[in-house]
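The structure file model05.cif is reproduced below (mmCIF, C-alpha atoms and all ligand atoms).
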```
data_data
#
loop_
_atom_site.label_atom_id
_atom_site.label_comp_id
_atom_site.auth_asym_id
_atom_site.auth_seq_id
_atom_site.Cartn_x
_atom_site.Cartn_y
_atom_site.Cartn_z
CA MET A 42 -8.55 7.67 56.16
CA ARG A 43 -8.20 10.65 53.81
CA VAL A 44 -6.93 14.10 54.74
CA LEU A 45 -6.88 17.34 52.73
CA VAL A 46 -3.73 19.41 53.35
CA LEU A 47 -4.11 23.08 52.39
CA ASN A 48 -1.41 25.75 52.18
CA GLY A 49 -2.34 29.39 51.76
CA PRO A 50 -0.75 32.55 50.31
CA ASN A 51 3.01 32.76 49.80
CA LEU A 52 3.67 29.18 50.85
CA ASN A 53 4.45 28.43 47.18
CA LEU A 54 7.65 30.40 47.88
CA LEU A 55 8.88 28.00 50.56
CA GLY A 56 12.60 27.42 50.17
CA SER A 57 13.36 30.92 48.90
CA ARG A 58 11.07 32.99 51.16
CA GLU A 59 12.83 34.05 54.41
CA PRO A 60 14.64 30.70 54.76
CA GLU A 61 15.88 31.74 58.21
CA VAL A 62 12.21 31.67 59.31
CA TYR A 63 10.64 29.01 57.10
CA GLY A 64 13.59 26.75 56.27
CA SER A 65 15.12 25.68 52.98
CA GLU A 66 12.61 23.02 51.88
CA THR A 67 10.49 23.88 48.88
CA LEU A 68 6.72 23.36 48.70
CA ALA A 69 7.35 20.35 46.41
CA ASP A 70 9.68 18.84 49.06
CA LEU A 71 7.07 19.47 51.73
CA GLU A 72 4.23 17.94 49.73
CA GLN A 73 6.37 14.86 49.09
CA SER A 74 7.10 14.56 52.81
CA ILE A 75 3.40 14.98 53.62
CA SER A 76 2.52 12.12 51.29
CA GLY A 77 5.21 9.90 52.93
CA TRP A 78 4.16 10.80 56.49
CA GLY A 79 0.55 10.12 55.51
CA LYS A 80 1.40 6.67 54.08
CA ALA A 81 3.28 5.70 57.24
CA LEU A 82 0.19 6.62 59.29
CA GLY A 83 -2.28 4.90 56.94
CA ILE A 84 -3.57 8.26 55.67
CA GLU A 85 -4.18 9.11 52.04
CA THR A 86 -3.30 12.80 51.61
CA GLU A 87 -4.37 15.33 49.00
CA THR A 88 -2.38 18.59 48.93
CA LEU A 89 -3.31 22.00 47.53
CA GLN A 90 -1.62 25.39 47.72
CA SER A 91 -3.30 28.60 46.63
CA ASN A 92 -2.61 32.30 46.97
CA HIS A 93 -6.35 32.96 46.68
CA GLU A 94 -8.75 32.98 49.60
CA GLY A 95 -11.69 31.94 47.39
CA ALA A 96 -9.84 28.92 45.98
CA LEU A 97 -9.10 27.72 49.51
CA ILE A 98 -12.75 28.23 50.50
CA ASP A 99 -13.92 26.29 47.43
CA ALA A 100 -11.58 23.40 48.32
CA ILE A 101 -12.86 23.37 51.89
CA GLN A 102 -16.51 23.40 50.79
CA GLN A 103 -15.96 20.61 48.27
CA HIS A 104 -13.85 18.32 50.44
CA GLU A 105 -15.11 14.84 51.32
CA ASP A 106 -12.14 13.83 53.45
CA ASP A 107 -11.98 12.67 57.07
CA GLY A 108 -10.11 15.79 58.17
CA ILE A 109 -8.25 18.90 57.07
CA VAL A 110 -4.77 20.21 57.85
CA ILE A 111 -4.40 23.88 56.96
CA ASN A 112 -1.64 26.46 57.04
CA PRO A 113 -3.55 29.55 55.86
CA GLY A 114 -0.44 31.79 55.77
CA ALA A 115 -1.31 35.41 56.59
CA LEU A 116 -5.04 34.67 56.07
CA THR A 117 -4.76 33.10 59.54
CA HIS A 118 -4.75 36.53 61.06
CA THR A 119 -7.59 38.12 59.06
CA SER A 120 -9.88 35.74 57.20
CA ARG A 121 -13.25 35.33 58.90
CA ALA A 122 -14.43 33.87 55.57
CA LEU A 123 -11.93 31.01 55.85
CA ALA A 124 -12.95 30.45 59.49
CA ASP A 125 -16.62 30.30 58.46
CA ALA A 126 -15.85 27.82 55.67
CA LEU A 127 -13.97 25.54 58.09
CA ARG A 128 -16.81 25.87 60.59
CA SER A 129 -19.35 24.85 57.97
CA VAL A 130 -17.90 21.50 56.94
CA GLU A 131 -17.61 18.07 58.55
CA GLY A 132 -14.43 16.67 60.05
CA PRO A 133 -11.70 17.87 62.41
CA VAL A 134 -9.33 20.64 61.29
CA VAL A 135 -5.73 21.07 62.47
CA GLU A 136 -4.06 24.48 62.01
CA VAL A 137 -0.32 24.42 61.29
CA HIS A 138 2.31 27.15 61.19
CA ILE A 139 5.92 26.44 60.33
CA SER A 140 7.28 29.37 62.33
CA ASN A 141 6.67 30.25 65.96
CA VAL A 142 3.82 32.69 65.37
CA LYS A 143 3.54 33.35 69.12
CA ASP A 144 7.10 34.60 69.26
CA ARG A 145 7.15 37.04 66.32
CA GLU A 146 5.25 40.27 65.59
CA ALA A 147 2.22 40.64 67.92
CA TRP A 148 -0.30 40.46 65.04
CA ARG A 149 0.96 36.97 64.08
CA ALA A 150 0.01 35.61 67.48
CA GLU A 151 -3.66 36.26 66.65
CA SER A 152 -5.49 33.57 64.70
CA VAL A 153 -9.11 33.92 63.65
CA ILE A 154 -9.30 30.23 62.76
CA SER A 155 -7.94 28.60 65.95
CA ASP A 156 -11.33 28.32 67.58
CA VAL A 157 -12.67 26.19 64.73
CA CYS A 158 -9.64 23.87 64.88
CA VAL A 159 -9.15 20.90 67.19
CA LEU A 160 -5.44 21.70 67.52
CA THR A 161 -3.00 24.45 66.53
CA ILE A 162 0.60 23.41 65.92
CA TYR A 163 3.28 26.06 65.44
CA GLY A 164 6.99 26.59 65.76
CA ARG A 165 7.96 23.00 64.95
CA GLY A 166 9.16 23.67 61.40
CA VAL A 167 7.70 21.57 58.60
CA SER A 168 7.43 18.57 60.93
CA GLY A 169 4.33 20.34 62.29
CA TYR A 170 2.48 18.92 59.27
CA ARG A 171 3.55 15.38 60.26
CA ASP A 172 2.37 16.01 63.82
CA ALA A 173 -0.97 17.32 62.50
CA LEU A 174 -1.53 14.13 60.47
CA ARG A 175 -0.49 12.02 63.47
CA HIS A 176 -3.03 13.86 65.63
CA LEU A 177 -5.82 13.19 63.14
CA ALA A 178 -4.86 9.49 63.02
CA ASN A 179 -4.84 9.33 66.83
CA ARG A 180 -8.23 11.08 67.12
CA ALA A 181 -9.67 8.56 64.69
CA ALA A 182 -8.15 5.60 66.57
CA GLY A 183 -10.74 5.64 69.35
CA PRO A 184 -12.80 7.76 71.72
CA PHE A 185 -11.42 9.94 74.49
CA GLU A 186 -12.88 12.35 77.04
CA THR A 187 -11.20 15.62 77.91
CA PHE A 188 -11.39 16.52 81.61
CA ARG A 189 -10.54 19.84 83.21
CA TYR A 190 -8.42 19.15 86.31
CA GLY A 191 -7.69 22.74 87.44
CA PRO A 192 -8.62 26.40 87.02
CA HIS A 193 -6.31 27.35 84.14
CA GLY A 194 -7.06 26.86 80.45
CA GLU A 195 -4.19 24.41 80.04
CA ASN A 196 -5.33 22.28 83.02
CA VAL A 197 -6.85 19.56 80.84
CA GLY A 198 -6.14 15.96 80.04
CA ASP A 199 -7.51 13.24 77.78
CA LEU A 200 -8.80 10.02 79.30
CA ARG A 201 -8.82 6.99 77.03
CA ARG A 202 -10.46 3.91 78.48
CA GLY A 203 -8.62 0.66 77.86
CA GLY A 204 -9.81 -1.38 80.84
CA GLN A 205 -7.14 -1.74 83.51
CA GLY A 206 -4.86 0.42 85.64
CA LEU A 207 -3.91 3.92 84.61
CA VAL A 208 -0.91 5.21 82.70
CA VAL A 209 -0.41 8.96 83.09
CA LEU A 210 1.46 10.50 80.15
CA ILE A 211 3.39 13.75 80.60
CA HIS A 212 4.82 15.32 77.48
CA GLY A 213 8.10 17.22 77.23
CA GLY A 214 9.23 20.17 75.14
CA PHE A 215 11.54 22.13 77.45
CA TRP A 216 8.60 23.85 79.20
CA ARG A 217 8.01 25.76 75.93
CA GLN A 218 4.59 26.75 74.55
CA GLU A 219 4.92 25.09 71.17
CA TRP A 220 5.16 21.54 72.54
CA GLN A 221 1.85 20.08 73.65
CA ARG A 222 0.27 16.80 74.63
CA ASP A 223 -0.29 15.71 71.03
CA THR A 224 3.37 14.57 71.17
CA THR A 225 2.56 11.77 73.67
CA GLU A 226 -0.76 10.85 72.08
CA SER A 227 0.56 7.94 69.99
CA LEU A 228 1.84 6.32 73.19
CA ALA A 229 -1.59 6.84 74.80
CA VAL A 230 -3.37 5.29 71.82
CA ASP A 231 -0.97 2.33 71.77
CA LEU A 232 -1.40 1.68 75.51
CA THR A 233 -5.19 1.97 75.29
CA GLY A 234 -5.09 -0.65 72.52
CA ARG A 235 -3.12 -2.90 74.89
CA GLY A 236 -5.87 -2.67 77.52
CA PHE A 237 -4.65 0.16 79.78
CA ASN A 238 -6.54 3.32 80.69
CA THR A 239 -4.49 6.41 79.86
CA TRP A 240 -4.55 10.03 81.10
CA ASN A 241 -2.56 12.23 78.70
CA ILE A 242 -2.22 15.58 80.42
CA GLU A 243 -1.55 19.17 79.43
CA TYR A 244 0.07 21.69 81.76
CA ARG A 245 0.94 25.40 81.68
CA ARG A 246 4.28 26.21 80.14
CA ILE A 247 6.66 29.19 80.29
CA GLY A 248 5.01 32.45 79.22
CA LYS A 249 1.48 31.49 80.24
CA GLY A 250 1.83 30.90 83.97
CA GLY A 251 4.02 27.84 83.62
CA GLY A 252 7.70 27.30 84.34
CA TRP A 253 8.54 27.01 88.02
CA PRO A 254 6.42 26.32 90.01
CA GLY A 255 3.37 26.59 87.67
CA SER A 256 4.16 23.63 85.40
CA ALA A 257 5.10 21.38 88.32
CA HIS A 258 2.00 22.34 90.31
CA ASP A 259 -0.18 21.55 87.29
CA VAL A 260 1.33 18.07 86.97
CA LEU A 261 0.73 17.53 90.69
CA MET A 262 -2.90 18.70 90.31
CA ALA A 263 -3.40 16.35 87.35
CA LEU A 264 -2.14 13.42 89.45
CA ASP A 265 -4.29 14.38 92.43
CA PHE A 266 -7.31 14.58 90.10
CA ILE A 267 -7.12 10.84 89.28
CA PRO A 268 -9.87 9.75 91.74
CA GLN A 269 -12.23 12.11 89.91
CA LEU A 270 -11.74 10.26 86.63
CA GLY A 271 -14.16 7.66 87.97
CA LEU A 272 -12.02 4.58 87.29
CA GLU A 273 -11.41 1.47 89.36
CA VAL A 274 -7.65 1.88 89.35
CA SER A 275 -5.48 -1.10 90.25
CA GLY A 276 -2.12 0.53 89.64
CA ILE A 277 -0.82 3.89 88.43
CA VAL A 278 2.25 4.28 86.23
CA VAL A 279 3.58 7.67 85.11
CA VAL A 280 5.33 7.74 81.74
CA ALA A 281 7.00 11.08 81.04
CA HIS A 282 9.34 12.48 78.42
CA SER A 283 12.13 15.06 78.60
CA ALA A 284 11.01 18.18 80.56
CA GLY A 285 7.85 16.22 81.39
CA GLY A 286 10.18 13.74 83.09
CA HIS A 287 11.64 16.57 85.14
CA LEU A 288 8.13 17.59 86.25
CA ALA A 289 7.04 14.01 86.92
CA LEU A 290 10.07 13.21 89.07
CA TRP A 291 9.15 16.17 91.28
CA ALA A 292 5.39 15.55 91.42
CA VAL A 293 5.13 11.78 91.99
CA ARG A 294 6.42 11.82 95.56
CA ARG A 295 4.17 14.74 96.48
CA SER A 296 0.93 13.42 95.03
CA ARG A 297 -1.95 11.77 96.89
CA ALA A 298 -2.15 9.34 93.94
CA GLU A 299 -0.37 6.09 94.70
CA VAL A 300 2.04 5.95 91.82
CA SER A 301 3.64 2.50 91.70
CA GLN A 302 6.17 3.25 88.96
CA VAL A 303 7.65 6.15 87.01
CA VAL A 304 9.12 5.62 83.57
CA ALA A 305 11.17 8.71 82.73
CA MET A 306 12.19 8.77 79.07
CA ALA A 307 15.12 11.07 78.30
CA PRO A 308 14.33 13.19 81.37
CA ILE A 309 16.08 16.40 82.32
CA THR A 310 17.25 15.53 85.83
CA ASP A 311 19.98 18.12 86.32
CA LEU A 312 18.72 21.64 85.62
CA GLY A 313 22.12 23.17 86.40
CA GLN A 314 23.82 20.99 83.83
CA HIS A 315 21.17 21.77 81.22
CA ALA A 316 21.24 25.50 81.95
CA GLU A 317 25.02 25.53 81.37
CA SER A 318 24.91 23.26 78.31
CA GLY A 319 23.96 25.90 75.72
CA MET A 320 21.62 23.27 74.24
CA TYR A 321 17.97 23.75 73.23
CA GLY A 322 16.07 24.51 76.44
CA ALA A 323 19.10 25.88 78.33
CA ALA A 324 17.51 29.33 78.70
CA GLU A 325 14.31 27.74 80.01
CA ALA A 326 16.28 25.59 82.49
CA ARG A 327 18.00 28.74 83.73
CA LEU A 328 14.63 30.43 84.19
CA LEU A 329 13.35 27.50 86.27
CA LEU A 330 16.46 27.58 88.44
CA GLU A 331 16.11 31.32 88.96
CA SER A 332 12.51 30.74 90.07
CA GLY A 333 13.64 28.30 92.74
CA ALA A 334 13.31 24.89 91.09
CA PRO A 335 15.41 22.20 92.80
CA PRO A 336 18.59 21.80 90.71
CA VAL A 337 18.59 18.00 90.81
CA SER A 338 15.66 15.56 90.48
CA ASP A 339 14.77 13.17 93.27
CA PRO A 340 11.67 10.95 92.98
CA GLY A 341 12.20 9.73 96.57
CA HIS A 342 10.95 6.21 97.31
CA ILE A 343 8.90 5.82 94.10
CA ALA A 344 10.15 2.98 91.87
CA THR A 345 11.68 4.61 88.81
CA THR A 346 12.92 3.35 85.47
CA LEU A 347 15.03 5.66 83.36
CA VAL A 348 15.11 5.22 79.58
CA HIS A 349 17.59 7.10 77.43
CA GLY A 350 18.79 6.88 73.85
CA GLY A 351 22.53 6.95 73.17
CA ASN A 352 21.87 9.21 70.16
CA ASP A 353 19.97 11.85 72.12
CA ARG A 354 21.18 15.26 70.86
CA HIS A 355 18.77 17.25 73.08
CA VAL A 356 19.22 15.79 76.56
CA PRO A 357 22.53 13.99 77.17
CA PRO A 358 22.20 10.38 78.49
CA GLU A 359 24.08 11.40 81.67
CA HIS A 360 20.83 12.91 82.93
CA SER A 361 19.51 9.36 83.24
CA SER A 362 22.68 7.42 84.06
CA GLU A 363 23.65 9.77 86.91
CA LEU A 364 20.18 9.67 88.49
CA ALA A 365 20.14 5.87 88.10
CA VAL A 366 23.37 5.64 90.11
CA ARG A 367 22.30 8.24 92.68
CA GLY A 368 18.90 6.67 93.34
CA GLY A 369 19.72 3.01 92.60
CA PHE A 370 17.14 3.02 89.78
CA ASP A 371 16.78 0.79 86.71
CA LEU A 372 18.26 2.18 83.51
CA ILE A 373 17.32 1.11 79.99
CA THR A 374 19.68 2.41 77.33
CA THR A 375 18.85 2.30 73.64
CA SER A 376 20.34 3.65 70.44
CA ASP A 377 17.45 6.10 69.92
CA GLY A 378 17.43 9.87 69.52
CA HIS A 379 15.43 12.20 71.76
CA PHE A 380 12.10 12.20 69.91
CA ASP A 381 12.33 8.53 68.82
CA LEU A 382 11.22 7.59 72.33
CA LEU A 383 7.75 8.97 71.49
CA ASP A 384 7.25 6.37 68.75
CA PRO A 385 5.50 3.19 69.94
CA GLU A 386 6.66 1.37 66.79
CA ARG A 387 10.28 1.42 67.95
CA ASP A 388 11.98 -1.39 69.89
CA HIS A 389 12.36 0.43 73.21
CA TRP A 390 8.58 0.64 73.62
CA SER A 391 8.04 -3.10 74.19
CA ARG A 392 10.55 -2.90 77.06
CA ILE A 393 8.59 -0.02 78.58
CA VAL A 394 5.32 -1.90 78.12
CA GLU A 395 6.85 -4.82 80.09
CA VAL A 396 7.66 -2.42 82.94
CA ILE A 397 4.09 -1.05 82.85
CA ASP A 398 2.64 -4.57 82.75
CA ARG A 399 4.60 -5.59 85.84
CA SER A 400 3.42 -2.48 87.75
CA ILE A 401 -0.32 -2.57 86.99
C1 LIG B 501 2.87 31.06 58.64
C2 LIG B 501 2.89 32.25 59.61
C3 LIG B 501 2.07 33.41 59.06
O1 LIG B 501 2.11 34.50 59.98
C4 LIG B 501 2.66 33.88 57.75
O2 LIG B 501 1.88 34.92 57.22
C5 LIG B 501 2.83 32.77 56.78
C6 LIG B 501 3.32 31.48 57.24
C7 LIG B 501 3.78 29.91 59.12
O3 LIG B 501 3.69 28.84 58.54
O4 LIG B 501 4.59 30.08 60.03
O5 LIG B 501 2.64 32.95 55.59
O6 LIG B 501 1.55 30.55 58.60
#
```

Let me see the structure of the file written as structure tokens.
Ligand code: DQA
Amino acid sequence: MRVLVLNGPNLNLLGSREPEVYGSETLADLEQSISGWGKALGIETETLQSNHEGALIDAIQQHEDDGIVINPGALTHTSRALADALRSVEGPVVEVHISNVKDREAWRAESVISDVCVLTIYGRGVSGYRDALRHLANRAAGPFETFRYGPHGENVGDLRRGGQGLVVLIHGGFWRQEWQRDTTESLAVDLTGRGFNTWNIEYRRIGKGGGWPGSAHDVLMALDFIPQLGLEVSGIVVVAHSAGGHLALWAVRRSRAEVSQVVAMAPITDLGQHAESGMYGAAEARLLLESGAPPVSDPGHIATTLVHGGNDRHVPPEHSSELAVRGGFDLITTSDGHFDLLDPERDHWSRIVEVIDRSI
């Protein structure tokens, strides 16, 4: 597949422009990374940066690629012309912002192009471009249906039909807005290819009704919605990552869905410990505690497998090892980092697939 990657005004100054906001990589570094990420995903990429709205519109009108990734810079907030151009051409468009546009000046939170894009990624640094390419590859990998499982905008999930059972995927991201279900999509696509149905869910996060108890209630609603997916389900496994693991460990024992197995990858199981740690997500953990979240996870009688990488710099492995001892649960330890566990190409994944296979 071929993807056109467009960067708008002032992004030629990457590296020297407000490095505390946009990082120290230059545009040339970024374009080299984009080409490498594309190759690894089987995507041929073409990159273009322009400070001129018309040049970007011309490139959009002339493109013959399978999709577009665009960071329009400040044109994001004003250019109806760019939005119309994107609306007028074939193929999915992913909007990317390096910085957290929702957490800066109010005018940056407004995008006039979001509604013509299949996904908006922001606040993940330059790796947002990698995630955008990965999303386009995953969309192209096979069909999915998006269901609404509750009343809020974020109460949606993607069903991919693989044939048997159901694996529910719950993404992490420290209950923060910028991390969404595209991060667990590669696992969903992999499992669908192996013959499992998958339900990759979104939930509200802090700032938009999420946190405690909103995020946890959404996960519970998504599990209780399973009968309405219209599948003949022989077994349900929940695979969750990081803060998604924290939510899953709470929801599985409360759901009407008969979950036979939870696989919690690098889960946060001790909110108190995380709140005190000073690590990424500590402030969010504190907020959940203050809202009445139980300090320590307890999945009750549901069979649970904990998976944790020894090189996890975001959630210390003790979150898994201590829960494994407390609950008498299985523990798989690997040498991975926190986000490596989201990559189905890595060794740990075949061990998780074995656990899923046994439970479905
Ligand atoms: C940006 C955010 C925009 O608000 C800004 O005008 C940019 C870059 C980003 O990548 O974070 O130029 O799109």

Inset, instruction - Write out as a list of chain:residue names each polymer residue whose atoms come within 8 Å of Leu160 in chain A, counting all atoms listed in the file; drop sequence neighbours fewer than 5 positions from it. - result: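 Final neighbour list, sorted by chain and number: A:Val134, A:Val135, A:Glu136, A:Ser155.
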
Legend entry - Pick from A:Trp148, A:Phe237, A:Phe380, A:Trp78, whichever lies nearest to ligand LIG 501 (chain B) using all atoms listed in the file: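 Using all atoms listed in the file, the shortest distance to ligand LIG 501 (chain B) belongs to A:Trp148.
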
Inset, instruction - Just give me the gap between CA of Val366 in chain A and CA of Ala289 in chain A in Å, one decimal is fine. - result: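 We find that CA of Val366 in chain A and CA of Ala289 in chain A lie 18.6 Å from each other.
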
Closest-contact table, range 117-184 of chain A side, partner range 98-108 of chain A, 9 Å, counting only C-alpha atoms, as JSON lines:
```
{"residue": "A:Ala122", "atom": "CA", "partner": "A:Ile98", "partner_atom": "CA", "distance": 7.8}
{"residue": "A:Leu123", "atom": "CA", "partner": "A:Ile98", "partner_atom": "CA", "distance": 6.1}
{"residue": "A:Ala126", "atom": "CA", "partner": "A:Ile98", "partner_atom": "CA", "distance": 6.0}
{"residue": "A:Leu127", "atom": "CA", "partner": "A:Ile101", "partner_atom": "CA", "distance": 6.7}
{"residue": "A:Ser129", "atom": "CA", "partner": "A:Gln102", "partner_atom": "CA", "distance": 7.9}
{"residue": "A:Val130", "atom": "CA", "partner": "A:Gln102", "partner_atom": "CA", "distance": 6.6}
{"residue": "A:Glu131", "atom": "CA", "partner": "A:Gly108", "partner_atom": "CA", "distance": 7.8}
{"residue": "A:Gly132", "atom": "CA", "partner": "A:Gly108", "partner_atom": "CA", "distance": 4.8}
{"residue": "A:Pro133", "atom": "CA", "partner": "A:Gly108", "partner_atom": "CA", "distance": 5.0}
{"residue": "A:Val134", "atom": "CA", "partner": "A:Gly108", "partner_atom": "CA", "distance": 5.8}
{"residue": "A:Val135", "atom": "CA", "partner": "A:Gly108", "partner_atom": "CA", "distance": 8.1}
{"residue": "A:Leu177", "atom": "CA", "partner": "A:Gly108", "partner_atom": "CA", "distance": 7.1}
{"residue": "A:Ala181", "atom": "CA", "partner": "A:Asp107", "partner_atom": "CA", "distance": 9.0}
```

Legend entry - Glu325 in chain A environment, 7 Å, all atoms listed in the file, sequence neighbours closer than 3 positions dropped, as a ChimeraX atom specification: /A:215-216,322,328-329

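Take the candidates A:Glu226, A:Thr345, A:Asp144, A:Asp70 and check each one against Gly248 in chain A using only C-alpha atoms; the shortest distance goes to A:Asp144.
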